[in-house]
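Peer 1: Got model27.pdb for you, PDB, C-alpha atoms:
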MODEL        1
ATOM      1  CA  MET N 155     -76.133 233.108 239.089
ATOM      2  CA  THR N 156     -74.027 231.274 241.620
ATOM      3  CA  VAL N 157     -72.569 229.029 238.931
ATOM      4  CA  ILE N 158     -71.519 231.804 236.624
ATOM      5  CA  ARG N 159     -68.921 233.460 238.811
ATOM      6  CA  PRO N 160     -66.753 230.346 239.518
ATOM      7  CA  LEU N 161     -67.111 229.362 235.866
ATOM      8  CA  ALA N 162     -65.973 232.777 234.701
ATOM      9  CA  THR N 163     -63.046 232.652 237.114
ATOM     10  CA  LEU N 164     -62.043 229.255 235.805
ATOM     11  CA  MET N 165     -62.225 230.400 232.185
ATOM     12  CA  LEU N 166     -60.219 233.506 232.950
ATOM     13  CA  GLY N 167     -57.664 231.293 234.715
ATOM     14  CA  ILE N 168     -57.322 229.044 231.663
ATOM     15  CA  LEU N 169     -56.996 232.071 229.432
ATOM     16  CA  LEU N 170     -54.224 233.570 231.560
ATOM     17  CA  ALA N 171     -52.434 230.229 231.853
ATOM     18  CA  VAL N 172     -52.344 229.947 228.086
ATOM     19  CA  ALA N 173     -51.066 233.508 227.759
ATOM     20  CA  ALA N 174     -48.385 232.957 230.392
ATOM     21  CA  HIS N 175     -47.062 229.821 228.741
ATOM     22  CA  ALA N 176     -43.861 230.946 227.047
ATOM     23  CA  VAL N 177     -42.418 228.860 224.239
ATOM     24  CA  ASP N 178     -39.079 230.663 224.214
ATOM     25  CA  THR N 179     -37.182 229.609 227.326
ATOM     26  CA  GLU N 180     -33.824 231.201 226.511
ATOM     27  CA  VAL N 181     -32.223 233.569 228.996
ATOM     28  CA  PRO N 182     -32.689 237.195 227.891
ATOM     29  CA  LEU N 183     -29.873 238.885 226.023
ATOM     30  CA  ALA N 184     -27.573 241.002 228.185
ATOM     31  CA  ASP N 185     -28.398 244.196 226.330
ATOM     32  CA  PRO N 186     -32.056 245.156 226.987
ATOM     33  CA  VAL N 187     -32.243 247.041 223.676
ATOM     34  CA  GLN N 188     -31.173 243.901 221.829
ATOM     35  CA  GLN N 189     -33.569 241.768 223.858
ATOM     36  CA  GLU N 190     -36.423 244.087 222.896
ATOM     37  CA  ARG N 191     -35.366 243.943 219.243
ATOM     38  CA  TYR N 192     -35.273 240.150 219.454
ATOM     39  CA  GLU N 193     -38.749 240.027 221.028
ATOM     40  CA  THR N 194     -40.180 242.355 218.389
ATOM     41  CA  LEU N 195     -38.632 240.335 215.578
ATOM     42  CA  ILE N 196     -39.836 236.918 216.687
ATOM     43  CA  HIS N 197     -43.374 238.283 216.925
ATOM     44  CA  GLU N 198     -43.155 239.722 213.399
ATOM     45  CA  LEU N 199     -41.783 236.564 211.774
ATOM     46  CA  ARG N 200     -43.872 233.645 210.676
ATOM     47  CA  CYS N 201     -43.290 230.025 211.598
ATOM     48  CA  LEU N 202     -43.117 228.349 208.186
ATOM     49  CA  GLN N 203     -44.527 225.054 209.370
ATOM     50  CA  CYS N 204     -47.521 226.324 211.304
ATOM     51  CA  ARG N 205     -48.163 229.396 209.123
ATOM     52  CA  SER N 206     -50.576 231.220 211.414
ATOM     53  CA  GLN N 207     -48.180 231.274 214.358
ATOM     54  CA  SER N 208     -45.222 233.560 214.866
ATOM     55  CA  LEU N 209     -41.742 232.312 215.718
ATOM     56  CA  ALA N 210     -42.459 233.453 219.273
ATOM     57  CA  ASP N 211     -45.551 231.255 219.583
ATOM     58  CA  SER N 212     -44.476 228.108 217.808
ATOM     59  CA  GLU N 213     -43.103 225.006 219.491
ATOM     60  CA  VAL N 214     -41.987 223.442 216.222
ATOM     61  CA  ASP N 215     -38.247 222.589 215.976
ATOM     62  CA  LEU N 216     -37.698 224.774 212.937
ATOM     63  CA  ALA N 217     -39.165 227.788 214.771
ATOM     64  CA  GLY N 218     -36.718 227.158 217.628
ATOM     65  CA  GLU N 219     -33.798 227.054 215.197
ATOM     66  CA  LEU N 220     -34.930 230.230 213.486
ATOM     67  CA  ARG N 221     -35.329 231.903 216.893
ATOM     68  CA  SER N 222     -31.752 231.065 217.816
ATOM     69  CA  GLU N 223     -30.633 232.316 214.402
ATOM     70  CA  VAL N 224     -32.452 235.625 215.008
ATOM     71  CA  ARG N 225     -30.915 235.741 218.498
ATOM     72  CA  ARG N 226     -27.428 235.206 217.128
ATOM     73  CA  LEU N 227     -27.852 237.954 214.526
ATOM     74  CA  VAL N 228     -29.280 240.404 217.058
ATOM     75  CA  ALA N 229     -26.459 239.606 219.507
ATOM     76  CA  GLU N 230     -24.012 240.338 216.675
ATOM     77  CA  GLY N 231     -25.509 243.829 216.572
ATOM     78  CA  LYS N 232     -27.607 243.435 213.413
ATOM     79  CA  SER N 233     -30.530 245.818 212.977
ATOM     80  CA  GLU N 234     -34.155 244.755 212.609
ATOM     81  CA  ALA N 235     -33.991 245.382 208.850
ATOM     82  CA  GLN N 236     -30.786 243.363 208.496
ATOM     83  CA  VAL N 237     -32.264 240.363 210.289
ATOM     84  CA  LYS N 238     -35.401 240.535 208.127
ATOM     85  CA  ALA N 239     -33.236 240.789 205.001
ATOM     86  CA  PHE N 240     -31.268 237.713 206.105
ATOM     87  CA  LEU N 241     -34.444 235.674 206.490
ATOM     88  CA  THR N 242     -36.284 236.906 203.395
ATOM     89  CA  ALA N 243     -33.200 236.084 201.294
ATOM     90  CA  ARG N 244     -33.710 232.475 202.357
ATOM     91  CA  TYR N 245     -37.439 232.073 202.899
ATOM     92  CA  GLY N 246     -38.948 234.927 200.867
ATOM     93  CA  ASP N 247     -41.385 237.622 201.964
ATOM     94  CA  TYR N 248     -43.723 234.925 203.223
ATOM     95  CA  ILE N 249     -41.802 234.790 206.505
ATOM     96  CA  LEU N 250     -42.888 238.370 207.264
ATOM     97  CA  PHE N 251     -46.323 238.817 208.784
ATOM     98  CA  ARG N 252     -46.358 242.293 207.262
ATOM     99  CA  PRO N 253     -45.288 241.882 203.637
ATOM    100  CA  PRO N 254     -43.546 244.844 201.964
ATOM    101  CA  LEU N 255     -45.466 246.995 199.496
ATOM    102  CA  ASN N 256     -44.368 245.928 196.009
ATOM    103  CA  GLU N 257     -45.813 245.041 192.610
ATOM    104  CA  ARG N 258     -47.183 241.756 193.940
ATOM    105  CA  THR N 259     -48.762 243.101 197.114
ATOM    106  CA  TRP N 260     -50.091 246.555 196.167
ATOM    107  CA  LEU N 261     -53.661 245.283 195.769
ATOM    108  CA  LEU N 262     -53.474 243.636 199.198
ATOM    109  CA  TRP N 263     -52.292 246.847 200.820
ATOM    110  CA  LEU N 264     -54.655 249.151 198.908
ATOM    111  CA  ALA N 265     -57.723 246.915 199.233
ATOM    112  CA  PRO N 266     -58.983 248.430 202.545
ATOM    113  CA  ALA N 267     -58.739 251.974 201.151
ATOM    114  CA  LEU N 268     -60.420 250.943 197.889
ATOM    115  CA  LEU N 269     -63.231 249.152 199.707
ATOM    116  CA  LEU N 270     -63.735 252.139 202.000
ATOM    117  CA  LEU N 271     -63.847 254.435 198.994
ATOM    118  CA  GLY N 272     -66.382 252.161 197.283
ATOM    119  CA  GLY N 273     -68.511 252.078 200.425
ATOM    120  CA  LEU N 274     -68.431 255.858 200.759
ATOM    121  CA  LEU N 275     -69.448 256.208 197.124
ATOM    122  CA  ILE N 276     -72.447 253.925 197.617
ATOM    123  CA  ALA N 277     -73.385 255.672 200.869
ATOM    124  CA  TRP N 278     -73.147 259.058 199.179
ATOM    125  CA  ARG N 279     -75.416 257.955 196.340
ATOM    126  CA  VAL N 280     -77.979 256.460 198.701
ATOM    127  CA  VAL N 281     -78.033 259.550 200.887
ATOM    128  CA  ARG N 282     -78.347 261.832 197.895
ATOM    129  CA  HIS N 283     -81.191 259.711 196.553
ATOM    130  CA  ARG N 284     -83.045 259.722 199.884
ATOM    131  CA  THR N 285     -82.604 263.476 200.240
ATOM    132  CA  GLY N 286     -84.191 263.773 196.834
ATOM    133  CA  LEU N 287     -87.162 261.726 198.035
ATOM    134  CA  VAL N 288     -87.939 264.109 200.852
ATOM    135  CA  SER N 289     -87.720 267.435 199.085
ATOM    136  CA  GLY N 290     -87.985 266.610 195.416
ATOM    137  CA  ASP N 291     -91.100 265.744 193.472
ATOM    138  CA  PRO N 292     -92.436 262.176 193.566
ATOM    139  CA  GLU N 293     -92.373 261.951 189.770
ATOM    140  CA  GLU N 294     -88.646 261.431 189.776
ATOM    141  CA  PHE N 295     -88.979 258.511 192.164
ATOM    142  CA  ASP N 296     -91.678 256.879 190.043
ATOM    143  CA  ALA N 297     -89.782 257.266 186.853
ATOM    144  CA  GLY N 298     -86.375 256.358 188.067
ATOM    145  CA  ASP N 299     -86.829 253.646 190.596
ATOM    146  CA  ARG N 300     -89.987 251.690 190.286
ATOM    147  CA  GLU N 301     -90.022 248.343 188.562
ATOM    148  CA  PRO N 302     -91.624 248.479 185.118
TER     149      PRO N 302
ATOM    150  CA  MET W 213     -82.392 250.737 184.767
ATOM    151  CA  LYS W 214     -81.811 247.595 186.750
ATOM    152  CA  LEU W 215     -78.165 248.445 187.140
ATOM    153  CA  ARG W 216     -78.451 248.270 190.927
ATOM    154  CA  PHE W 217     -79.428 244.635 190.650
ATOM    155  CA  PHE W 218     -77.143 243.800 187.795
ATOM    156  CA  LEU W 219     -73.969 245.137 189.447
ATOM    157  CA  PRO W 220     -74.117 243.048 192.659
ATOM    158  CA  ALA W 221     -75.110 239.980 190.634
ATOM    159  CA  ALA W 222     -72.122 240.501 188.348
ATOM    160  CA  ALA W 223     -69.838 240.942 191.360
ATOM    161  CA  VAL W 224     -71.078 237.679 192.883
ATOM    162  CA  ALA W 225     -70.651 235.921 189.537
ATOM    163  CA  VAL W 226     -67.055 237.137 189.243
ATOM    164  CA  LEU W 227     -66.386 236.025 192.813
ATOM    165  CA  CYS W 228     -67.835 232.560 192.151
ATOM    166  CA  ALA W 229     -65.884 232.233 188.920
ATOM    167  CA  SER W 230     -62.560 233.082 190.556
ATOM    168  CA  LEU W 231     -63.267 230.719 193.441
ATOM    169  CA  TRP W 232     -64.090 227.941 191.000
ATOM    170  CA  TYR W 233     -60.958 228.701 188.984
ATOM    171  CA  GLY W 234     -58.764 228.699 192.102
ATOM    172  CA  LEU W 235     -60.177 225.468 193.512
ATOM    173  CA  ASN W 236     -59.860 223.788 190.131
ATOM    174  CA  ALA W 237     -56.212 224.826 189.897
ATOM    175  CA  ILE W 238     -55.581 223.314 193.321
ATOM    176  CA  ARG W 239     -57.328 220.081 192.340
ATOM    177  CA  GLY W 240     -55.469 219.917 189.044
ATOM    178  CA  GLY W 241     -52.151 220.420 190.807
ATOM    179  CA  GLN W 242     -51.203 223.640 188.958
ATOM    180  CA  TYR W 243     -51.409 225.598 192.178
ATOM    181  CA  ASP W 244     -50.587 224.555 195.714
ATOM    182  CA  PRO W 245     -51.311 227.164 198.402
ATOM    183  CA  GLN W 246     -49.032 225.270 200.801
ATOM    184  CA  LEU W 247     -45.938 225.875 198.685
ATOM    185  CA  ILE W 248     -43.645 228.742 199.512
ATOM    186  CA  GLU W 249     -41.754 229.968 196.497
ATOM    187  CA  SER W 250     -37.998 229.955 197.094
ATOM    188  CA  PRO W 251     -36.244 233.290 196.657
ATOM    189  CA  LEU W 252     -33.084 231.298 195.887
ATOM    190  CA  ILE W 253     -34.178 230.363 192.365
ATOM    191  CA  GLY W 254     -31.851 232.053 189.897
ATOM    192  CA  ARG W 255     -29.392 233.038 192.602
ATOM    193  CA  ALA W 256     -26.060 231.557 193.611
ATOM    194  CA  ALA W 257     -26.400 228.351 195.601
ATOM    195  CA  PRO W 258     -25.608 228.887 199.306
ATOM    196  CA  ASP W 259     -22.269 227.684 200.597
ATOM    197  CA  PHE W 260     -22.037 224.708 202.920
ATOM    198  CA  ILE W 261     -19.416 222.598 204.630
ATOM    199  CA  ALA W 262     -20.550 219.482 206.461
ATOM    200  CA  GLU W 263     -19.192 216.344 207.985
ATOM    201  CA  ASN W 264     -19.429 213.354 205.667
ATOM    202  CA  LEU W 265     -22.010 210.894 207.008
ATOM    203  CA  LEU W 266     -20.261 207.746 205.806
ATOM    204  CA  GLU W 267     -16.664 209.004 206.132
ATOM    205  CA  PRO W 268     -16.757 211.197 209.276
ATOM    206  CA  ALA W 269     -13.107 212.207 208.845
ATOM    207  CA  GLN W 270     -13.955 213.872 205.531
ATOM    208  CA  GLN W 271     -16.029 216.865 204.599
ATOM    209  CA  VAL W 272     -18.745 217.550 202.077
ATOM    210  CA  ALA W 273     -18.588 221.092 200.701
ATOM    211  CA  ARG W 274     -20.204 223.293 198.099
ATOM    212  CA  SER W 275     -16.714 223.895 196.658
ATOM    213  CA  GLN W 276     -16.447 220.234 195.602
ATOM    214  CA  PHE W 277     -19.201 220.769 193.041
ATOM    215  CA  LEU W 278     -18.076 223.911 191.281
ATOM    216  CA  GLY W 279     -18.606 223.980 187.529
ATOM    217  CA  LYS W 280     -20.934 221.007 187.384
ATOM    218  CA  PRO W 281     -24.618 220.550 188.071
ATOM    219  CA  PHE W 282     -25.787 218.683 191.146
ATOM    220  CA  VAL W 283     -28.936 217.910 193.085
ATOM    221  CA  LEU W 284     -29.105 218.746 196.777
ATOM    222  CA  ASN W 285     -31.621 216.569 198.582
ATOM    223  CA  VAL W 286     -32.572 217.320 202.183
ATOM    224  CA  TRP W 287     -33.797 214.251 204.047
ATOM    225  CA  GLY W 288     -34.155 212.584 207.411
ATOM    226  CA  THR W 289     -35.012 209.101 208.650
ATOM    227  CA  TRP W 290     -37.829 210.724 210.676
ATOM    228  CA  CYS W 291     -39.467 211.994 207.512
ATOM    229  CA  VAL W 292     -42.252 209.989 205.886
ATOM    230  CA  GLY W 293     -41.979 211.701 202.506
ATOM    231  CA  CYS W 294     -38.287 210.794 202.402
ATOM    232  CA  ARG W 295     -39.042 207.093 202.619
ATOM    233  CA  GLU W 296     -41.680 207.597 199.946
ATOM    234  CA  GLU W 297     -39.207 209.204 197.530
ATOM    235  CA  HIS W 298     -36.268 206.924 198.221
ATOM    236  CA  GLY W 299     -37.035 204.495 195.411
ATOM    237  CA  ALA W 300     -37.313 207.391 192.950
ATOM    238  CA  LEU W 301     -33.926 208.757 194.064
ATOM    239  CA  LEU W 302     -32.365 205.334 193.492
ATOM    240  CA  ALA W 303     -33.881 205.203 190.002
ATOM    241  CA  ILE W 304     -32.704 208.739 189.196
ATOM    242  CA  ALA W 305     -29.192 208.009 190.436
ATOM    243  CA  LYS W 306     -29.119 205.005 188.132
ATOM    244  CA  GLU W 307     -30.053 206.922 184.988
ATOM    245  CA  THR W 308     -28.102 210.147 185.392
ATOM    246  CA  ASP W 309     -24.540 211.087 186.214
ATOM    247  CA  VAL W 310     -25.627 214.301 187.915
ATOM    248  CA  PRO W 311     -24.529 213.717 191.520
ATOM    249  CA  ILE W 312     -27.214 213.720 194.203
ATOM    250  CA  VAL W 313     -25.801 215.304 197.329
ATOM    251  CA  GLY W 314     -27.726 214.333 200.444
ATOM    252  CA  ILE W 315     -28.094 216.536 203.496
ATOM    253  CA  SER W 316     -29.029 214.485 206.531
ATOM    254  CA  TRP W 317     -31.186 217.033 208.328
ATOM    255  CA  LYS W 318     -31.323 216.967 212.144
ATOM    256  CA  ASP W 319     -30.928 213.244 212.292
ATOM    257  CA  ASP W 320     -29.138 210.574 214.247
ATOM    258  CA  ARG W 321     -26.025 209.620 212.261
ATOM    259  CA  GLN W 322     -26.358 205.908 212.954
ATOM    260  CA  LEU W 323     -30.044 205.810 211.996
ATOM    261  CA  ALA W 324     -29.141 207.581 208.746
ATOM    262  CA  ARG W 325     -26.350 205.080 207.992
ATOM    263  CA  ASP W 326     -28.678 202.147 208.741
ATOM    264  CA  TRP W 327     -31.321 203.632 206.438
ATOM    265  CA  LEU W 328     -28.863 203.803 203.537
ATOM    266  CA  ALA W 329     -27.577 200.301 204.231
ATOM    267  CA  GLN W 330     -31.110 198.906 204.261
ATOM    268  CA  LEU W 331     -32.802 200.854 201.494
ATOM    269  CA  GLY W 332     -29.833 201.490 199.213
ATOM    270  CA  ASN W 333     -27.752 204.613 198.733
ATOM    271  CA  PRO W 334     -28.695 206.940 195.855
ATOM    272  CA  TYR W 335     -26.311 209.651 197.073
ATOM    273  CA  HIS W 336     -22.976 210.618 195.616
ATOM    274  CA  VAL W 337     -22.154 211.839 199.093
ATOM    275  CA  VAL W 338     -24.120 212.768 202.240
ATOM    276  CA  GLY W 339     -23.333 215.631 204.600
ATOM    277  CA  VAL W 340     -24.783 215.879 208.094
ATOM    278  CA  ASP W 341     -26.606 218.958 209.335
ATOM    279  CA  PRO W 342     -27.395 218.120 212.977
ATOM    280  CA  GLU W 343     -28.409 221.660 213.981
ATOM    281  CA  GLY W 344     -30.232 222.563 210.792
ATOM    282  CA  LYS W 345     -27.828 225.418 209.929
ATOM    283  CA  ILE W 346     -27.363 224.354 206.314
ATOM    284  CA  ALA W 347     -31.107 223.857 205.942
ATOM    285  CA  ILE W 348     -31.766 227.436 207.122
ATOM    286  CA  ASN W 349     -29.267 228.810 204.599
ATOM    287  CA  TRP W 350     -31.082 226.950 201.850
ATOM    288  CA  GLY W 351     -34.494 228.120 203.065
ATOM    289  CA  VAL W 352     -35.642 224.597 203.846
ATOM    290  CA  TYR W 353     -38.860 224.417 205.850
ATOM    291  CA  GLY W 354     -39.793 220.764 205.549
ATOM    292  CA  ALA W 355     -38.300 217.551 204.262
ATOM    293  CA  PRO W 356     -37.916 216.252 201.675
ATOM    294  CA  GLU W 357     -36.779 219.151 199.520
ATOM    295  CA  SER W 358     -34.634 218.818 196.404
ATOM    296  CA  PHE W 359     -32.685 221.631 194.760
ATOM    297  CA  LEU W 360     -31.193 221.590 191.297
ATOM    298  CA  VAL W 361     -27.980 223.589 191.005
ATOM    299  CA  GLY W 362     -26.694 224.326 187.505
ATOM    300  CA  ALA W 363     -23.131 224.212 186.214
ATOM    301  CA  ASP W 364     -22.993 227.997 186.628
ATOM    302  CA  GLY W 365     -23.601 227.607 190.357
ATOM    303  CA  ARG W 366     -27.118 229.036 190.373
ATOM    304  CA  VAL W 367     -30.153 227.341 191.882
ATOM    305  CA  LEU W 368     -32.342 226.351 188.933
ATOM    306  CA  HIS W 369     -35.244 224.649 190.633
ATOM    307  CA  LYS W 370     -36.633 223.515 193.941
ATOM    308  CA  ARG W 371     -38.921 220.575 194.507
ATOM    309  CA  ILE W 372     -40.825 220.633 197.785
ATOM    310  CA  GLY W 373     -42.130 217.222 198.770
ATOM    311  CA  PRO W 374     -41.284 213.727 197.583
ATOM    312  CA  MET W 375     -39.391 213.365 194.323
ATOM    313  CA  THR W 376     -40.689 211.062 191.627
ATOM    314  CA  LEU W 377     -39.164 209.858 188.386
ATOM    315  CA  ASP W 378     -41.894 211.750 186.472
ATOM    316  CA  ILE W 379     -41.071 215.008 188.224
ATOM    317  CA  TRP W 380     -37.385 214.442 187.514
ATOM    318  CA  HIS W 381     -38.080 214.062 183.784
ATOM    319  CA  GLN W 382     -40.618 216.875 183.691
ATOM    320  CA  ASP W 383     -38.987 219.585 185.796
ATOM    321  CA  PHE W 384     -35.315 218.763 186.295
ATOM    322  CA  VAL W 385     -34.040 217.195 183.063
ATOM    323  CA  PRO W 386     -35.236 220.022 180.734
ATOM    324  CA  LEU W 387     -33.472 222.595 182.950
ATOM    325  CA  LEU W 388     -30.275 220.563 182.823
ATOM    326  CA  LYS W 389     -30.487 220.393 179.035
ATOM    327  CA  LYS W 390     -31.187 224.107 178.752
ATOM    328  CA  THR W 391     -28.066 225.017 180.695
ATOM    329  CA  GLY W 392     -26.010 222.782 178.424
ATOM    330  CA  SER W 393     -25.250 220.150 180.996
ATOM    331  CA  SER W 394     -26.584 216.851 179.743
ATOM    332  CA  PRO W 395     -28.283 214.695 182.379
ATOM    333  CA  GLN W 396     -26.977 211.539 180.764
TER     334      GLN W 396
ENDMDL
END
For this file, produce the structure as structure tokens.
Peer 2:
Amino acid sequence: MTVIRPLATLMLGILLAVAAHAVDTEVPLADPVQQERYETLIHELRCLQCRSQSLADSEVDLAGELRSEVRRLVAEGKSEAQVKAFLTARYGDYILFRPPLNERTWLLWLAPALLLLGGLLIAWRVVRHRTGLVSGDPEEFDAGDREP
Amino acid sequence: MKLRFFLPAAAVAVLCASLWYGLNAIRGGQYDPQLIESPLIGRAAPDFIAENLLEPAQQVARSQFLGKPFVLNVWGTWCVGCREEHGALLAIAKETDVPIVGISWKDDRQLARDWLAQLGNPYHVVGVDPEGKIAINWGVYGAPESFLVGADGRVLHKRIGPMTLDIWHQDFVPLLKKTGSSPQ
């Protein structure tokens, strides 16, 4: 018991230290609205060399260059959509963590709904079957479900 | 019926089959999940103006290659794949008159000059891109990358990773022939 508390504190400390470690060391933009837009964007854009990291998280050179490019565009007054358009024209939709819905991605976007629908269908059939077991006659069960 | 056993079994079979198909395609080299398709293919090649590596007083610009095909090769002395492909670039330069334009990506100018002096220079001309601005406009995310630009100014093809003579003959030369610009 006595070991657990210091250990937990230490682990929490490590966790917070990792979270507090900022990769982007640039001074914030003068306009807070633009700074917020910049922050949002770099969290939504993928680092192309590390793939699972965003531009905000990555220490790779290319991510730094893309961050300063995003910064420049935002400082020029470009909207979120304009910055994304600039980058997808060069790197494709892959740079977006949330790809747009189009003919190549519809299955990806619809998959959760389709799976949920499939699950509900199965659940409905099972429930209906079980309800039948309770109130219906046992003949149906024997005929329909038992192995031959 | 045994449909309730057959259906899951069929689903698993389909899953296994597609996994096997996908892994086989990766092994056979028809599909590489690491590659990011360039949205530039078929579109106008991005503009660039750069300082000339070997003649710093001069410039290398997109406008110098209007109306003729060229290859844009992004490289750096820090890049292992670039050393690997260097021999192939020399061989390609020898057998074609399509100019290979080098972009020295985020590199030390002197190291780049030494590299060319030591290993040979396959480039028609080399422009320097110390801050990676040109590379971003071309959607470069790793070196080496080689673009083929047609006589009409459109990007025809992009090779990600080291170039080889086989790849040149397989992927680049046919595209050059198709657009009516002979590689010879």
Peer 1: With a cut-off of 7 Å and counting all atoms listed in the file, select all residues of chain N in contact with chain W and give the selection as a list in words.
Peer 2: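 So the contacting residues turn out to be Leu202, Gln203, Ala243, Arg244, Tyr245 and Gly246 of chain N.
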Peer 1: Apply the PyMOL selection byres ((chain N and resi 249) around 6) to the displayed file and report the matching residues as a ChimeraX atom specification.
Peer 2: /N:199-200,247-248,250
Peer 1: Translate the PyMOL selection byres ((chain W and resi 331) around 12), as applied to the file shown, into an explicit residue set as an NGL selection string.
Peer 2: :W and (289 or 294-302 or 323-330 or 332-335)
Peer 1: When the PyMOL selection byres ((chain N and resi 194) around 12) is applied to the file above, which residues end up in the set, as an NGL selection string?
Peer 2: :N and (187-193 or 195-199 or 208-210 or 221 or 224-225 or 228 or 233-235 or 237-238 or 251)
Peer 1: Kindly export the residues of the current selection with C-alpha atoms, as an mmCIF file, keeping the file's coordinate frame.
Peer 2:
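Below you can see out_6.cif, which holds the result:
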data_model
loop_
_atom_site.group_PDB
_atom_site.id
_atom_site.type_symbol
_atom_site.label_atom_id
_atom_site.label_comp_id
_atom_site.auth_asym_id
_atom_site.auth_seq_id
_atom_site.Cartn_x
_atom_site.Cartn_y
_atom_site.Cartn_z
ATOM 1 C CA VAL N 187 -32.243 247.041 223.676
ATOM 2 C CA GLN N 188 -31.173 243.901 221.829
ATOM 3 C CA GLN N 189 -33.569 241.768 223.858
ATOM 4 C CA GLU N 190 -36.423 244.087 222.896
ATOM 5 C CA ARG N 191 -35.366 243.943 219.243
ATOM 6 C CA TYR N 192 -35.273 240.150 219.454
ATOM 7 C CA GLU N 193 -38.749 240.027 221.028
ATOM 8 C CA LEU N 195 -38.632 240.335 215.578
ATOM 9 C CA ILE N 196 -39.836 236.918 216.687
ATOM 10 C CA HIS N 197 -43.374 238.283 216.925
ATOM 11 C CA GLU N 198 -43.155 239.722 213.399
ATOM 12 C CA LEU N 199 -41.783 236.564 211.774
ATOM 13 C CA SER N 208 -45.222 233.560 214.866
ATOM 14 C CA LEU N 209 -41.742 232.312 215.718
ATOM 15 C CA ALA N 210 -42.459 233.453 219.273
ATOM 16 C CA ARG N 221 -35.329 231.903 216.893
ATOM 17 C CA VAL N 224 -32.452 235.625 215.008
ATOM 18 C CA ARG N 225 -30.915 235.741 218.498
ATOM 19 C CA VAL N 228 -29.280 240.404 217.058
ATOM 20 C CA SER N 233 -30.530 245.818 212.977
ATOM 21 C CA GLU N 234 -34.155 244.755 212.609
ATOM 22 C CA ALA N 235 -33.991 245.382 208.850
ATOM 23 C CA VAL N 237 -32.264 240.363 210.289
ATOM 24 C CA LYS N 238 -35.401 240.535 208.127
ATOM 25 C CA PHE N 251 -46.323 238.817 208.784
#
Peer 1: Could you jot down the CA of Phe240 (chain N) to CA of Pro182 (chain N) separation for me, Å, one decimal place?
Peer 2: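 That distance, rounded to one decimal, is 21.8 Å.
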Peer 1: Return the single residue from W:Ile253, W:Val292, W:Ala303, W:Leu219 that is closest to Leu377 (chain W), with distances computed using all atoms listed in the file.
Peer 2: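 Of the candidates, the smallest distance to Leu377 (chain W) is held by W:Ala303.
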Peer 1: Under the rule that only C-alpha atoms are counted, which of N:Ala229, N:Ala239, N:Leu269, N:Leu216 is the nearest residue to Ala355 (chain W)?
Peer 2: N:Leu216
Peer 1: As an exercise, work out the distance from CA of Gly234 (chain W) to CA of Arg205 (chain N) in Å and give it to one decimal place.
Peer 2: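 Rounded to one decimal, the two atoms are 20.1 Å apart.
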Peer 1: Looking at only C-alpha atoms, which of W:Gly288, W:Ile315, W:Asp259, W:Val367 is the one that sits closest to Ser275 (chain W)?
Peer 2: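 Looking at the shortest contact to Ser275 (chain W), the residue is W:Asp259.
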Peer 1: Kindly give the distance, in Å, that separates CA of Pro220 (chain W) and CA of Leu262 (chain N), rounded to a single decimal.
Peer 2: 21.7 Å
Peer 1: Which residue is closest to Pro268 (chain W)? Choose from W:Ile238, W:Leu388, W:Leu227, W:Val337 and count only C-alpha atoms.
Peer 2: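 With only C-alpha atoms as the atom set, the closest residue is W:Val337.
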Peer 1: Quick one: region 216-225 of chain W with N, CA and C atoms, as an mmCIF file, in the coordinates of the input?
Peer 2:
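The resulting file, selection.cif, is reproduced below:
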data_model
loop_
_atom_site.group_PDB
_atom_site.id
_atom_site.type_symbol
_atom_site.label_atom_id
_atom_site.label_comp_id
_atom_site.auth_asym_id
_atom_site.auth_seq_id
_atom_site.Cartn_x
_atom_site.Cartn_y
_atom_site.Cartn_z
ATOM 1 N N ARG W 216 -78.711 248.544 189.514
ATOM 2 C CA ARG W 216 -78.451 248.270 190.927
ATOM 3 C C ARG W 216 -78.649 246.801 191.281
ATOM 4 N N PHE W 217 -79.334 246.076 190.428
ATOM 5 C CA PHE W 217 -79.428 244.635 190.650
ATOM 6 C C PHE W 217 -78.379 243.893 189.848
ATOM 7 N N PHE W 218 -78.108 244.446 188.679
ATOM 8 C CA PHE W 218 -77.143 243.800 187.795
ATOM 9 C C PHE W 218 -75.730 243.834 188.380
ATOM 10 N N LEU W 219 -75.334 244.991 188.929
ATOM 11 C CA LEU W 219 -73.969 245.137 189.447
ATOM 12 C C LEU W 219 -73.620 244.138 190.560
ATOM 13 N N PRO W 220 -74.438 244.049 191.618
ATOM 14 C CA PRO W 220 -74.117 243.048 192.659
ATOM 15 C C PRO W 220 -74.107 241.632 192.100
ATOM 16 N N ALA W 221 -75.051 241.324 191.213
ATOM 17 C CA ALA W 221 -75.110 239.980 190.634
ATOM 18 C C ALA W 221 -73.824 239.686 189.861
ATOM 19 N N ALA W 222 -73.357 240.684 189.113
ATOM 20 C CA ALA W 222 -72.122 240.501 188.348
ATOM 21 C C ALA W 222 -70.943 240.299 189.298
ATOM 22 N N ALA W 223 -70.925 241.066 190.389
ATOM 23 C CA ALA W 223 -69.838 240.942 191.360
ATOM 24 C C ALA W 223 -69.809 239.536 191.951
ATOM 25 N N VAL W 224 -70.994 239.025 192.317
ATOM 26 C CA VAL W 224 -71.078 237.679 192.883
ATOM 27 C C VAL W 224 -70.624 236.650 191.853
ATOM 28 N N ALA W 225 -71.038 236.850 190.599
ATOM 29 C CA ALA W 225 -70.651 235.921 189.537
ATOM 30 C C ALA W 225 -69.136 235.884 189.374
#
